Amino acid sequence: MQRQRKNQAKMLAGLENGSVVVTSGGIIGTIVAIEGNDTLVLRVKPDNVKIQVTRASVASLVTGEATKKS
């Protein structure tokens, strides 16, 4: 459990513009801005809608293989 929490915290700390992420709600988007310490702006396809989410709501990063398929 502690290892999983540590890996999650490391992933959240390393988020940067251009990263493709999946939120805990299942939304897939590309980070276009990081506002403050806790807020991210995601661009969501297909209409390039921008939404704000908290950093803690990011569940995982999407790997390069998954982004090539979409």
# chains A, B, ... in the order shown; residues from 1 in each chain; ligands from 1
>>> select_by_dssp(residues="range 3-39 of chain A", states="helix (DSSP H, G or I)", output="list in words")
Arg3, Gln4, Arg5, Lys6, Asn7, Gln8, Ala9, Lys10, Met11, Leu12 and Ala13 of chain A
>>> residues_around(residues="Glu16 in chain A", least_positions_apart="3", cutoff="10 Å", atoms="only C-alpha atoms", output="compact mmCIF listing (two decimals) with all heavy atoms, in the first residue's frame")
# COMPACT_ATOMS: atom_id res chain seq x y z
N LEU A 12 2.07 12.25 -9.68
CA LEU A 12 1.36 13.52 -9.61
C LEU A 12 2.33 14.70 -9.58
O LEU A 12 2.07 15.74 -10.17
CB LEU A 12 0.44 13.56 -8.40
CG LEU A 12 -0.77 12.63 -8.43
CD1 LEU A 12 -1.55 12.72 -7.13
CD2 LEU A 12 -1.66 12.94 -9.62
N ALA A 13 3.44 14.54 -8.89
CA ALA A 13 4.43 15.62 -8.80
C ALA A 13 5.13 15.84 -10.14
O ALA A 13 5.58 16.95 -10.43
CB ALA A 13 5.45 15.29 -7.73
N SER A 19 1.42 16.23 -21.16
CA SER A 19 1.18 14.87 -20.68
C SER A 19 -0.28 14.49 -20.92
O SER A 19 -1.17 15.30 -20.70
CB SER A 19 1.47 14.76 -19.19
OG SER A 19 2.82 15.03 -18.92
N VAL A 20 -0.51 13.27 -21.35
CA VAL A 20 -1.87 12.75 -21.52
C VAL A 20 -2.22 11.95 -20.28
O VAL A 20 -1.46 11.06 -19.89
CB VAL A 20 -1.99 11.89 -22.79
CG1 VAL A 20 -3.40 11.35 -22.95
CG2 VAL A 20 -1.58 12.69 -24.02
N THR A 30 -5.29 16.05 -22.40
CA THR A 30 -3.91 16.50 -22.46
C THR A 30 -3.77 17.74 -21.59
O THR A 30 -4.58 18.67 -21.70
CB THR A 30 -3.52 16.85 -23.92
OG1 THR A 30 -3.76 15.72 -24.74
CG2 THR A 30 -2.06 17.26 -24.01
N ILE A 31 -2.74 17.77 -20.76
CA ILE A 31 -2.52 18.93 -19.89
C ILE A 31 -2.03 20.08 -20.76
O ILE A 31 -1.04 19.96 -21.48
CB ILE A 31 -1.49 18.62 -18.80
CG1 ILE A 31 -1.97 17.49 -17.90
CG2 ILE A 31 -1.19 19.88 -17.98
CD1 ILE A 31 -0.95 17.01 -16.88
N VAL A 32 -2.75 21.23 -20.69
CA VAL A 32 -2.34 22.42 -21.43
C VAL A 32 -1.87 23.53 -20.52
O VAL A 32 -1.19 24.45 -20.96
CB VAL A 32 -3.47 22.94 -22.36
CG1 VAL A 32 -3.73 21.94 -23.47
CG2 VAL A 32 -4.72 23.25 -21.61
N ALA A 33 -2.21 23.45 -19.22
CA ALA A 33 -1.75 24.45 -18.26
C ALA A 33 -1.80 23.88 -16.86
O ALA A 33 -2.63 23.03 -16.56
CB ALA A 33 -2.62 25.70 -18.34
N ILE A 34 -0.87 24.35 -16.04
CA ILE A 34 -0.87 24.00 -14.63
C ILE A 34 -1.00 25.31 -13.86
O ILE A 34 -0.14 26.19 -13.98
CB ILE A 34 0.43 23.26 -14.24
CG1 ILE A 34 0.55 21.96 -15.04
CG2 ILE A 34 0.46 22.98 -12.74
CD1 ILE A 34 1.85 21.23 -14.86
N LEU A 40 -5.17 21.75 -12.74
CA LEU A 40 -4.69 21.47 -14.09
C LEU A 40 -5.79 21.84 -15.08
O LEU A 40 -6.98 21.69 -14.78
CB LEU A 40 -4.37 19.99 -14.27
CG LEU A 40 -3.42 19.33 -13.28
CD1 LEU A 40 -3.39 17.83 -13.52
CD2 LEU A 40 -2.05 19.92 -13.38
>>> residues_around(residues="Gly25 in chain A", least_positions_apart="3", cutoff="10 Å", atoms="only C-alpha atoms", output="number ranges by chain")
A: 22, 28, 57-59
>>> residues_around(residues="Thr39 in chain A", least_positions_apart="6", cutoff="8 Å", atoms="only C-alpha atoms", output="list in words")
Gln52, Val53, Thr54 and Arg55 of chain A
>>> write_last_selection(atoms="C-alpha atoms", output="CSV table (one decimal), in the first residue's frame")
chain,number,residue,atom,x,y,z
A,52,GLN,CA,-10.2,22.3,-15.0
A,53,VAL,CA,-9.4,19.4,-12.6
A,54,THR,CA,-7.5,19.0,-9.4
A,55,ARG,CA,-4.2,17.4,-9.5
>>> closest_residue(among="A:Gly29, A:Val21, A:Arg3, A:Met11", to="Lys50 in chain A", atoms="only C-alpha atoms")
A:Gly29
>>> select_by_dssp(residues="chain A", states="strand (DSSP E or B)", output="number ranges by chain")
A: 20-23, 28-35, 39-44, 49-54, 58-61
>>> atom_distance(atom1="CA of Lys45 in chain A", atom2="CA of Ile27 in chain A")
9.8 Å
>>> atom_distance(atom1="CA of Asn17 in chain A", atom2="CA of Arg5 in chain A")
22.8 Å
>>> atom_distance(atom1="CA of Gln8 in chain A", atom2="CA of Ala56 in chain A")
9.5 Å
>>> closest_residue(among="A:Asn37, A:Asn48, A:Ser60, A:Gln2", to="Ser24 in chain A", atoms="only C-alpha atoms")
A:Ser60
